[in-house]
>>> print(open('structure.pdb').read())   # PDB, C-alpha atoms and all ligand atoms
ATOM      1  CA  MET A  23      76.757 118.592  96.709  1.00  0.00           C
ATOM      2  CA  ILE A  24      79.242 115.831  97.562  1.00  0.00           C
ATOM      3  CA  PRO A  25      82.541 116.567  95.771  1.00  0.00           C
ATOM      4  CA  GLY A  26      83.719 114.025  93.188  1.00  0.00           C
ATOM      5  CA  VAL A  27      86.767 111.828  93.713  1.00  0.00           C
ATOM      6  CA  ARG A  28      89.473 109.987  91.764  1.00  0.00           C
ATOM      7  CA  LEU A  29      90.043 106.618  93.370  1.00  0.00           C
ATOM      8  CA  ILE A  30      91.916 103.421  92.622  1.00  0.00           C
ATOM      9  CA  MET A  31      90.776 100.274  94.382  1.00  0.00           C
ATOM     10  CA  LEU A  32      93.342  97.530  94.881  1.00  0.00           C
ATOM     11  CA  GLY A  33      92.657  94.216  96.578  1.00  0.00           C
ATOM     12  CA  ARG A  34      92.954  90.569  95.764  1.00  0.00           C
ATOM     13  CA  GLN A  35      90.255  88.707  93.843  1.00  0.00           C
ATOM     14  CA  GLY A  36      87.219  88.195  96.068  1.00  0.00           C
ATOM     15  CA  ALA A  37      88.104  91.070  98.407  1.00  0.00           C
ATOM     16  CA  GLY A  38      84.835  92.758  97.395  1.00  0.00           C
ATOM     17  CA  LYS A  39      86.292  95.375  95.034  1.00  0.00           C
ATOM     18  CA  GLY A  40      83.452  95.068  92.526  1.00  0.00           C
ATOM     19  CA  THR A  41      80.699  95.284  95.140  1.00  0.00           C
ATOM     20  CA  GLN A  42      82.296  98.190  96.973  1.00  0.00           C
ATOM     21  CA  CYS A  43      83.277 100.107  93.834  1.00  0.00           C
ATOM     22  CA  VAL A  44      79.630 100.115  92.707  1.00  0.00           C
ATOM     23  CA  ARG A  45      78.615 101.510  96.094  1.00  0.00           C
ATOM     24  CA  ILE A  46      81.365 104.075  96.412  1.00  0.00           C
ATOM     25  CA  ALA A  47      80.807 105.279  92.830  1.00  0.00           C
ATOM     26  CA  ARG A  48      77.137 105.776  93.707  1.00  0.00           C
ATOM     27  CA  HIS A  49      78.068 107.592  96.927  1.00  0.00           C
ATOM     28  CA  TYR A  50      80.346 110.092  95.172  1.00  0.00           C
ATOM     29  CA  VAL A  51      78.345 110.108  91.907  1.00  0.00           C
ATOM     30  CA  VAL A  52      81.311 109.208  89.721  1.00  0.00           C
ATOM     31  CA  PRO A  53      81.689 106.571  86.979  1.00  0.00           C
ATOM     32  CA  HIS A  54      82.762 103.098  88.077  1.00  0.00           C
ATOM     33  CA  ILE A  55      85.361 101.935  85.565  1.00  0.00           C
ATOM     34  CA  SER A  56      85.870  98.187  85.853  1.00  0.00           C
ATOM     35  CA  THR A  57      88.277  96.691  83.344  1.00  0.00           C
ATOM     36  CA  GLY A  58      86.869  93.220  84.120  1.00  0.00           C
ATOM     37  CA  ASP A  59      83.349  94.433  83.208  1.00  0.00           C
ATOM     38  CA  ILE A  60      84.638  96.115  80.037  1.00  0.00           C
ATOM     39  CA  LEU A  61      86.361  92.881  78.994  1.00  0.00           C
ATOM     40  CA  ARG A  62      83.347  90.708  79.856  1.00  0.00           C
ATOM     41  CA  GLY A  63      81.253  93.068  77.676  1.00  0.00           C
ATOM     42  CA  ALA A  64      83.650  92.458  74.763  1.00  0.00           C
ATOM     43  CA  VAL A  65      83.535  88.686  75.363  1.00  0.00           C
ATOM     44  CA  LYS A  66      79.737  88.773  75.275  1.00  0.00           C
ATOM     45  CA  GLU A  67      79.722  90.638  71.963  1.00  0.00           C
ATOM     46  CA  ALA A  68      82.030  87.905  70.615  1.00  0.00           C
ATOM     47  CA  SER A  69      84.087  90.480  68.692  1.00  0.00           C
ATOM     48  CA  PRO A  70      87.507  89.235  67.498  1.00  0.00           C
ATOM     49  CA  PHE A  71      89.025  91.133  70.425  1.00  0.00           C
ATOM     50  CA  GLY A  72      86.475  89.608  72.824  1.00  0.00           C
ATOM     51  CA  LEU A  73      87.297  86.075  71.681  1.00  0.00           C
ATOM     52  CA  LYS A  74      90.997  86.699  72.263  1.00  0.00           C
ATOM     53  CA  ALA A  75      90.330  88.297  75.684  1.00  0.00           C
ATOM     54  CA  LYS A  76      88.228  85.266  76.660  1.00  0.00           C
ATOM     55  CA  GLU A  77      91.226  82.952  76.247  1.00  0.00           C
ATOM     56  CA  PHE A  78      93.335  85.028  78.648  1.00  0.00           C
ATOM     57  CA  MET A  79      90.542  85.414  81.170  1.00  0.00           C
ATOM     58  CA  GLU A  80      89.547  81.761  81.298  1.00  0.00           C
ATOM     59  CA  ARG A  81      93.156  80.807  81.992  1.00  0.00           C
ATOM     60  CA  GLY A  82      93.292  83.430  84.735  1.00  0.00           C
ATOM     61  CA  ASP A  83      96.050  85.289  82.853  1.00  0.00           C
ATOM     62  CA  LEU A  84      96.429  89.044  82.595  1.00  0.00           C
ATOM     63  CA  LEU A  85      95.885  90.665  79.202  1.00  0.00           C
ATOM     64  CA  PRO A  86      98.923  92.486  77.745  1.00  0.00           C
ATOM     65  CA  ASP A  87      99.647  95.868  79.331  1.00  0.00           C
ATOM     66  CA  ASP A  88      99.451  97.798  76.035  1.00  0.00           C
ATOM     67  CA  VAL A  89      95.968  96.471  75.331  1.00  0.00           C
ATOM     68  CA  MET A  90      94.687  97.396  78.788  1.00  0.00           C
ATOM     69  CA  ILE A  91      96.373 100.805  78.713  1.00  0.00           C
ATOM     70  CA  GLY A  92      94.651 101.541  75.374  1.00  0.00           C
ATOM     71  CA  ILE A  93      91.245 100.588  76.779  1.00  0.00           C
ATOM     72  CA  VAL A  94      91.635 102.733  79.897  1.00  0.00           C
ATOM     73  CA  ALA A  95      93.096 105.704  77.979  1.00  0.00           C
ATOM     74  CA  GLU A  96      90.033 105.681  75.746  1.00  0.00           C
ATOM     75  CA  ARG A  97      87.649 105.435  78.713  1.00  0.00           C
ATOM     76  CA  LEU A  98      89.365 108.173  80.738  1.00  0.00           C
ATOM     77  CA  GLY A  99      89.269 110.428  77.693  1.00  0.00           C
ATOM     78  CA  ARG A 100      85.492 110.785  77.988  1.00  0.00           C
ATOM     79  CA  ASP A 101      83.970 113.886  79.564  1.00  0.00           C
ATOM     80  CA  ASP A 102      82.229 112.211  82.530  1.00  0.00           C
ATOM     81  CA  THR A 103      85.563 111.361  84.162  1.00  0.00           C
ATOM     82  CA  ARG A 104      86.971 114.853  83.645  1.00  0.00           C
ATOM     83  CA  THR A 105      84.161 116.589  85.474  1.00  0.00           C
ATOM     84  CA  ARG A 106      83.697 114.458  88.608  1.00  0.00           C
ATOM     85  CA  GLY A 107      86.409 111.800  88.641  1.00  0.00           C
ATOM     86  CA  TYR A 108      86.213 107.997  88.700  1.00  0.00           C
ATOM     87  CA  VAL A 109      86.568 104.815  90.658  1.00  0.00           C
ATOM     88  CA  LEU A 110      89.073 102.551  88.915  1.00  0.00           C
ATOM     89  CA  ASP A 111      88.463  98.852  89.579  1.00  0.00           C
ATOM     90  CA  GLY A 112      90.923  96.340  88.116  1.00  0.00           C
ATOM     91  CA  PHE A 113      93.363  98.913  86.716  1.00  0.00           C
ATOM     92  CA  PRO A 114      96.244  99.402  87.202  1.00  0.00           C
ATOM     93  CA  ARG A 115      97.256  95.827  87.861  1.00  0.00           C
ATOM     94  CA  THR A 116     100.957  96.064  87.038  1.00  0.00           C
ATOM     95  CA  VAL A 117     103.621  98.696  87.654  1.00  0.00           C
ATOM     96  CA  ALA A 118     103.760  99.350  83.879  1.00  0.00           C
ATOM     97  CA  GLN A 119     100.022 100.119  83.935  1.00  0.00           C
ATOM     98  CA  ALA A 120     100.441 102.433  86.944  1.00  0.00           C
ATOM     99  CA  GLU A 121     103.207 104.317  85.143  1.00  0.00           C
ATOM    100  CA  ALA A 122     101.041 104.602  82.036  1.00  0.00           C
ATOM    101  CA  LEU A 123      98.176 105.967  84.141  1.00  0.00           C
ATOM    102  CA  ILE A 124     100.386 108.886  85.144  1.00  0.00           C
ATOM    103  CA  GLU A 125     100.950 109.589  81.439  1.00  0.00           C
ATOM    104  CA  ILE A 126      97.259 109.257  80.630  1.00  0.00           C
ATOM    105  CA  ALA A 127      95.800 111.267  83.471  1.00  0.00           C
ATOM    106  CA  GLY A 128      98.539 113.732  84.396  1.00  0.00           C
ATOM    107  CA  ARG A 129     101.022 114.008  87.197  1.00  0.00           C
ATOM    108  CA  LYS A 130      98.427 113.594  89.937  1.00  0.00           C
ATOM    109  CA  PRO A 131      95.899 111.257  88.372  1.00  0.00           C
ATOM    110  CA  ILE A 132      94.362 110.118  91.655  1.00  0.00           C
ATOM    111  CA  ASP A 133      93.275 111.370  95.046  1.00  0.00           C
ATOM    112  CA  LEU A 134      93.594 108.085  96.892  1.00  0.00           C
ATOM    113  CA  VAL A 135      94.539 104.440  96.362  1.00  0.00           C
ATOM    114  CA  ILE A 136      92.713 102.031  98.625  1.00  0.00           C
ATOM    115  CA  ASP A 137      94.073  98.572  99.328  1.00  0.00           C
ATOM    116  CA  LEU A 138      91.034  96.542 100.374  1.00  0.00           C
ATOM    117  CA  GLU A 139      92.530  93.863 102.582  1.00  0.00           C
ATOM    118  CA  VAL A 140      90.961  90.420 102.990  1.00  0.00           C
ATOM    119  CA  PRO A 141      93.081  87.344 103.839  1.00  0.00           C
ATOM    120  CA  ARG A 142      93.673  84.700 101.145  1.00  0.00           C
ATOM    121  CA  GLU A 143      91.820  81.929 103.047  1.00  0.00           C
ATOM    122  CA  LEU A 144      88.691  84.056 103.221  1.00  0.00           C
ATOM    123  CA  VAL A 145      88.738  85.131  99.555  1.00  0.00           C
ATOM    124  CA  LEU A 146      89.065  81.478  98.476  1.00  0.00           C
ATOM    125  CA  GLU A 147      85.859  80.747 100.353  1.00  0.00           C
ATOM    126  CA  ARG A 148      84.110  83.806  98.883  1.00  0.00           C
ATOM    127  CA  LEU A 149      85.197  83.045  95.301  1.00  0.00           C
ATOM    128  CA  ALA A 150      83.973  79.449  95.449  1.00  0.00           C
ATOM    129  CA  GLY A 151      80.494  80.735  96.352  1.00  0.00           C
ATOM    130  CA  ARG A 152      80.487  83.826  94.105  1.00  0.00           C
ATOM    131  CA  ARG A 153      77.697  84.232  91.534  1.00  0.00           C
ATOM    132  CA  VAL A 154      77.252  87.122  89.125  1.00  0.00           C
ATOM    133  CA  CYS A 155      74.565  88.498  86.807  1.00  0.00           C
ATOM    134  CA  GLU A 156      75.783  87.838  83.271  1.00  0.00           C
ATOM    135  CA  THR A 157      73.948  90.933  81.988  1.00  0.00           C
ATOM    136  CA  CYS A 158      74.700  93.749  84.451  1.00  0.00           C
ATOM    137  CA  GLY A 159      77.496  92.241  86.561  1.00  0.00           C
ATOM    138  CA  THR A 160      75.751  92.520  89.950  1.00  0.00           C
ATOM    139  CA  ASN A 161      77.411  90.217  92.463  1.00  0.00           C
ATOM    140  CA  TYR A 162      75.572  87.559  94.476  1.00  0.00           C
ATOM    141  CA  SER A 163      76.694  84.458  96.327  1.00  0.00           C
ATOM    142  CA  VAL A 164      75.434  81.034  97.247  1.00  0.00           C
ATOM    143  CA  ALA A 165      74.793  82.464 100.730  1.00  0.00           C
ATOM    144  CA  VAL A 166      73.029  85.618  99.436  1.00  0.00           C
ATOM    145  CA  PRO A 167      71.299  84.649  96.160  1.00  0.00           C
ATOM    146  CA  PRO A 168      68.934  86.910  94.184  1.00  0.00           C
ATOM    147  CA  ALA A 169      65.340  86.982  95.499  1.00  0.00           C
ATOM    148  CA  SER A 170      64.044  84.822  92.632  1.00  0.00           C
ATOM    149  CA  GLY A 171      66.858  82.316  92.994  1.00  0.00           C
ATOM    150  CA  GLU A 172      68.215  82.470  89.432  1.00  0.00           C
ATOM    151  CA  THR A 173      67.609  85.875  87.896  1.00  0.00           C
ATOM    152  CA  CYS A 174      69.068  89.244  88.836  1.00  0.00           C
ATOM    153  CA  ASP A 175      67.068  91.502  91.183  1.00  0.00           C
ATOM    154  CA  ILE A 176      68.218  94.582  89.236  1.00  0.00           C
ATOM    155  CA  CYS A 177      67.882  93.649  85.560  1.00  0.00           C
ATOM    156  CA  GLY A 178      66.377  90.136  85.358  1.00  0.00           C
ATOM    157  CA  GLY A 179      69.546  88.693  83.719  1.00  0.00           C
ATOM    158  CA  LEU A 180      70.706  85.166  84.447  1.00  0.00           C
ATOM    159  CA  VAL A 181      72.815  84.768  87.618  1.00  0.00           C
ATOM    160  CA  VAL A 182      75.713  82.369  86.969  1.00  0.00           C
ATOM    161  CA  GLN A 183      79.152  81.314  88.176  1.00  0.00           C
ATOM    162  CA  ARG A 184      81.898  83.275  86.371  1.00  0.00           C
ATOM    163  CA  ALA A 185      83.800  81.231  83.753  1.00  0.00           C
ATOM    164  CA  ASP A 186      87.085  82.179  85.458  1.00  0.00           C
ATOM    165  CA  ASP A 187      85.952  81.195  88.959  1.00  0.00           C
ATOM    166  CA  THR A 188      87.309  77.650  88.541  1.00  0.00           C
ATOM    167  CA  GLU A 189      89.798  76.411  91.121  1.00  0.00           C
ATOM    168  CA  ASP A 190      92.756  76.506  88.683  1.00  0.00           C
ATOM    169  CA  ALA A 191      92.009  79.996  87.362  1.00  0.00           C
ATOM    170  CA  ILE A 192      91.355  81.330  90.873  1.00  0.00           C
ATOM    171  CA  ASN A 193      94.722  80.070  92.118  1.00  0.00           C
ATOM    172  CA  ARG A 194      96.484  81.448  89.053  1.00  0.00           C
ATOM    173  CA  ARG A 195      94.847  84.873  89.522  1.00  0.00           C
ATOM    174  CA  LEU A 196      95.708  84.991  93.216  1.00  0.00           C
ATOM    175  CA  ASP A 197      99.345  84.076  92.455  1.00  0.00           C
ATOM    176  CA  LEU A 198      99.523  86.735  89.728  1.00  0.00           C
ATOM    177  CA  TYR A 199      98.037  89.234  92.171  1.00  0.00           C
ATOM    178  CA  GLU A 200     100.949  88.657  94.548  1.00  0.00           C
ATOM    179  CA  THR A 201     103.648  88.896  91.870  1.00  0.00           C
ATOM    180  CA  GLN A 202     102.213  91.555  89.508  1.00  0.00           C
ATOM    181  CA  THR A 203      99.808  93.700  91.510  1.00  0.00           C
ATOM    182  CA  ARG A 204     101.107  93.596  95.103  1.00  0.00           C
ATOM    183  CA  PRO A 205     104.172  95.723  94.109  1.00  0.00           C
ATOM    184  CA  LEU A 206     101.713  98.534  93.363  1.00  0.00           C
ATOM    185  CA  THR A 207     101.116  99.002  97.075  1.00  0.00           C
ATOM    186  CA  ASP A 208     104.782 100.026  97.452  1.00  0.00           C
ATOM    187  CA  PHE A 209     104.570 102.151  94.302  1.00  0.00           C
ATOM    188  CA  TYR A 210     101.618 104.144  95.691  1.00  0.00           C
ATOM    189  CA  ARG A 211     102.866 104.131  99.291  1.00  0.00           C
ATOM    190  CA  GLU A 212     105.981 105.938  98.093  1.00  0.00           C
ATOM    191  CA  LEU A 213     103.816 108.509  96.328  1.00  0.00           C
ATOM    192  CA  GLY A 214     101.934 108.952  99.622  1.00  0.00           C
ATOM    193  CA  ASP A 215      98.592 107.947  98.124  1.00  0.00           C
ATOM    194  CA  LEU A 216      97.952 104.576  99.757  1.00  0.00           C
ATOM    195  CA  VAL A 217      95.578 103.644 102.552  1.00  0.00           C
ATOM    196  CA  THR A 218      94.714 100.105 103.644  1.00  0.00           C
ATOM    197  CA  VAL A 219      91.085  99.377 104.556  1.00  0.00           C
ATOM    198  CA  ASP A 220      89.903  96.195 106.274  1.00  0.00           C
ATOM    199  CA  GLY A 221      87.559  94.391 103.845  1.00  0.00           C
ATOM    200  CA  VAL A 222      86.291  91.833 106.346  1.00  0.00           C
ATOM    201  CA  GLY A 223      82.722  92.461 107.515  1.00  0.00           C
ATOM    202  CA  SER A 224      79.316  93.215 106.029  1.00  0.00           C
ATOM    203  CA  PRO A 225      79.188  95.262 102.796  1.00  0.00           C
ATOM    204  CA  ASP A 226      77.651  98.182 104.738  1.00  0.00           C
ATOM    205  CA  MET A 227      80.405  98.141 107.349  1.00  0.00           C
ATOM    206  CA  VAL A 228      83.114  98.028 104.688  1.00  0.00           C
ATOM    207  CA  LEU A 229      81.500 100.908 102.746  1.00  0.00           C
ATOM    208  CA  GLU A 230      81.469 103.002 105.919  1.00  0.00           C
ATOM    209  CA  ARG A 231      85.204 102.373 106.385  1.00  0.00           C
ATOM    210  CA  LEU A 232      85.895 103.280 102.745  1.00  0.00           C
ATOM    211  CA  VAL A 233      83.991 106.565 102.925  1.00  0.00           C
ATOM    212  CA  ALA A 234      85.765 107.383 106.204  1.00  0.00           C
ATOM    213  CA  ALA A 235      89.131 106.748 104.499  1.00  0.00           C
ATOM    214  CA  VAL A 236      88.267 109.050 101.578  1.00  0.00           C
ATOM    215  CA  GLU A 237      86.968 111.776 103.869  1.00  0.00           C
ATOM    216  CA  SER A 238      89.976 111.700 106.174  1.00  0.00           C
ATOM    217  CA  SER A 239      92.314 111.911 103.157  1.00  0.00           C
ATOM    218  CA  ARG A 240      90.581 115.157 102.174  1.00  0.00           C
ATOM    219  CA  ARG A 241      91.217 116.833 105.530  1.00  0.00           C
ATOM    220  CA  PRO A 242      93.746 119.660 105.350  1.00  0.00           C
ATOM    221  CA  GLY A 243      97.194 118.713 106.554  1.00  0.00           C
ATOM    222  CA  VAL A 244      96.929 115.071 105.504  1.00  0.00           C
ATOM    223  CA  ARG A 245     100.031 114.242 103.491  1.00  0.00           C
ATOM    224  CA  ARG A 246      99.293 112.698 100.145  1.00  0.00           C
TER     225      ARG A 246
HETATM  226  P1  LIG B 301      89.415  89.395  89.175  1.00  0.00           P
HETATM  227  O1  LIG B 301      89.827  90.546  90.056  1.00  0.00           O
HETATM  228  O2  LIG B 301      88.627  88.359  89.910  1.00  0.00           O
HETATM  229  O3  LIG B 301      90.525  88.803  88.384  1.00  0.00           O
HETATM  230  P2  LIG B 301      88.239  91.171  87.152  1.00  0.00           P
HETATM  231  O4  LIG B 301      86.805  91.189  86.795  1.00  0.00           O
HETATM  232  O5  LIG B 301      88.832  92.419  87.699  1.00  0.00           O
HETATM  233  O6  LIG B 301      88.333  89.955  88.166  1.00  0.00           O
HETATM  234  O7  LIG B 301      89.127  90.734  85.893  1.00  0.00           O
HETATM  235  C1  LIG B 301      88.848  89.556  85.186  1.00  0.00           C
HETATM  236  C2  LIG B 301      89.992  89.229  84.231  1.00  0.00           C
HETATM  237  O8  LIG B 301      90.114  90.288  83.250  1.00  0.00           O
HETATM  238  C3  LIG B 301      91.379  89.123  84.832  1.00  0.00           C
HETATM  239  O9  LIG B 301      91.643  87.844  85.378  1.00  0.00           O
HETATM  240  C4  LIG B 301      92.260  89.422  83.606  1.00  0.00           C
HETATM  241  O10 LIG B 301      92.325  88.315  82.724  1.00  0.00           O
HETATM  242  C5  LIG B 301      91.477  90.505  82.895  1.00  0.00           C
HETATM  243  N1  LIG B 301      91.880  91.869  83.343  1.00  0.00           N
HETATM  244  C6  LIG B 301      91.088  92.778  83.980  1.00  0.00           C
HETATM  245  N2  LIG B 301      91.775  93.911  84.237  1.00  0.00           N
HETATM  246  C7  LIG B 301      93.021  93.729  83.751  1.00  0.00           C
HETATM  247  C8  LIG B 301      94.200  94.532  83.715  1.00  0.00           C
HETATM  248  N3  LIG B 301      94.241  95.772  84.231  1.00  0.00           N
HETATM  249  N4  LIG B 301      95.319  94.010  83.141  1.00  0.00           N
HETATM  250  C9  LIG B 301      95.318  92.785  82.609  1.00  0.00           C
HETATM  251  N5  LIG B 301      94.248  91.968  82.605  1.00  0.00           N
HETATM  252  C10 LIG B 301      93.096  92.425  83.158  1.00  0.00           C
END
>>> encode(input="structure.pdb", output="C-alpha cells", more="lines below")
Ligand code: ADP
Amino acid sequence: MIPGVRLIMLGRQGAGKGTQCVRIARHYVVPHISTGDILRGAVKEASPFGLKAKEFMERGDLLPDDVMIGIVAERLGRDDTRTRGYVLDGFPRTVAQAEALIEIAGRKPIDLVIDLEVPRELVLERLAGRRVCETCGTNYSVAVPPASGETCDICGGLVVQRADDTEDAINRRLDLYETQTRPLTDFYRELGDLVTVDGVGSPDMVLERLVAAVESSRRPGVRR
C-alpha cells in the first residue's frame, strides 16, 4: 500500500494547486483539504458566516486569520487526517496561519511543503480562461471545457466562471499572495521542508514532478 503523506501546497492563484491537489490526494489516498472549497460551500449554503465570507472573497481579500485557523483546526481534528495525512490547499496563507498550524498539528505537522511555481504572466492568462463546476469544484477552462459544453463531466453541475475571477479581484489576490503568502516560502525553507516544483506543462507532467518530489523527500538521508 502507498504510504500516506502530509503535504502543504503553495503557489500563486492559477498555478494549478486545486487541480494538482485533487490528483495528488487521489494518488496517496489522503483527504484534500481546500479552504477555498470549504468557504465556497459555506457561501452556497448562504449561512450568516457564508454571506460574510462572500464579501471578502468577491473583493479578493483574505478572511481573518482566526476564522481560518478555527476552520482548519476543526477539519484536522477529524480521524481521516490522523490516519493517513492530508493535502492542504489554500492554508496556511499567512505566517500567523503557519505558526498556528504548528500548534494545531504538533511540532512536525507536515512532511513536505511544495511551492508550485508558475510565472505571473502565465497565471493571468490561465485565470482569465478558468471555469469551475459550481457543485463539485472540478476545474475546466475555455480551452478545455467539459464534454457537454456547460455541465460538469463528473457530477452534472453547472460550469461557470468563479465570482472572484474578475480582473480587479485577480490582481488583488496576486498582490496579496506576494505580500502575505510569499514569506511562507522562507518560513518553510528555514525549517527545511520546502521544495519548488515547476508548474508549467500538462497536468500529467506536473503530477509526475510532484510525485517525484514527494518520493525523493522520503529517501533516507534527505534533510527535512
Ligand atoms: P485562490 O487561490 O484563487 O485565491 P482559493 O479557492 O484558494 O482561490 O480561495 C478563494 C478565496 O477564499 C481567497 O481569495 C480568500 O478570500 C479565501 N481564503 C481561502 N483560504 C484562505 C486562507 N487560508 N486565509 C484567508 N482567506 C482564505
>>> residues_near_ligand(input="structure.pdb", ligand="ligand LIG 301 (chain B)", cutoff="9 Å", atoms="only C-alpha atoms and all ligand atoms", output="VMD selection string")
chain A and resid 33 to 37 39 to 40 56 to 62 75 to 87 89 to 91 94 111 to 116 119 149 186 to 187 191 to 192 194 to 196 199
>>> resolve_selection(input="structure.pdb", expression="the PyMOL selection byres (((chain A and resi 237) around 12) and not hetatm)", output="ChimeraX atom specification")
/A:24-27,50,133-134,217,230-236,238-242,244
>>> resolve_selection(input="structure.pdb", expression="the PyMOL selection byres (((chain A and resi 155) around 6) and not hetatm)", output="JSON, numbers by chain")
{"A": [154, 156, 157, 158, 159, 160, 174, 179, 180, 181]}
>>> closest_residue(input="structure.pdb", among="A:Val52, A:Leu146, A:Ile124, A:Leu138", to="Asp101 in chain A", atoms="all atoms listed in the file")
A:Val52
>>> atom_distance(input="structure.pdb", atom1="CA of His49 in chain A", atom2="CA of Leu32 in chain A")
18.4 Å
>>> atom_distance(input="structure.pdb", atom1="CA of Ala95 in chain A", atom2="CA of Ala122 in chain A")
9.0 Å
>>> residues_around(input="structure.pdb", residues="Gln42 in chain A", least_positions_apart="2", cutoff="9 Å", atoms="all atoms listed in the file", output="list of chain:residue names")
A:Gly38, A:Lys39, A:Gly40, A:Val44, A:Arg45, A:Ile46, A:Ala47, A:Pro225, A:Val228, A:Leu229, A:Leu232
>>> closest_residue(input="structure.pdb", among="A:Arg28, A:Val135, A:Ala68, A:Leu110", to="Tyr210 in chain A", atoms="all atoms listed in the file")
A:Val135
>>> atom_distance(input="structure.pdb", atom1="CA of Ile176 in chain A", atom2="CA of Leu73 in chain A")
27.3 Å
>>> closest_residue(input="structure.pdb", among="A:Thr207, A:Ser69, A:Thr201, A:Asn161", to="Met31 in chain A", atoms="only C-alpha atoms")
A:Thr207
>>> resolve_selection(input="structure.pdb", expression="the PyMOL selection byres (((chain A and resi 151) around 9) and not hetatm)", output="PDB file with C-alpha atoms, in the frame of the given file")
ATOM      1  CA  LEU A 146      89.065  81.478  98.476  1.00  0.00           C
ATOM      2  CA  GLU A 147      85.859  80.747 100.353  1.00  0.00           C
ATOM      3  CA  ARG A 148      84.110  83.806  98.883  1.00  0.00           C
ATOM      4  CA  LEU A 149      85.197  83.045  95.301  1.00  0.00           C
ATOM      5  CA  ALA A 150      83.973  79.449  95.449  1.00  0.00           C
ATOM      6  CA  ARG A 152      80.487  83.826  94.105  1.00  0.00           C
ATOM      7  CA  ARG A 153      77.697  84.232  91.534  1.00  0.00           C
ATOM      8  CA  TYR A 162      75.572  87.559  94.476  1.00  0.00           C
ATOM      9  CA  SER A 163      76.694  84.458  96.327  1.00  0.00           C
ATOM     10  CA  VAL A 164      75.434  81.034  97.247  1.00  0.00           C
ATOM     11  CA  ALA A 165      74.793  82.464 100.730  1.00  0.00           C
ATOM     12  CA  GLN A 183      79.152  81.314  88.176  1.00  0.00           C
TER      13      GLN A 183
END
>>> residues_around(input="structure.pdb", residues="Gly99 in chain A", least_positions_apart="5", cutoff="9 Å", atoms="all atoms listed in the file", output="PyMOL selection string")
chain A and resi 94+104+126-127
>>> closest_residue(input="structure.pdb", among="A:Asp88, A:Ala64, A:Thr218, A:Gly171", to="Ala120 in chain A", atoms="all atoms listed in the file")
A:Asp88
>>> axis_aligned_box(input="structure.pdb", around="range 62-78 of chain A", padding_each_side="5 Å", output="AutoDock Vina command-line options")
--center_x 86.5 --center_y 88.0 --center_z 73.7 --size_x 23.6 --size_y 20.1 --size_z 22.4
>>> closest_residue(input="structure.pdb", among="A:Thr105, A:Ile136, A:Gln202, A:Leu123", to="Cys43 in chain A", atoms="only C-alpha atoms")
A:Ile136
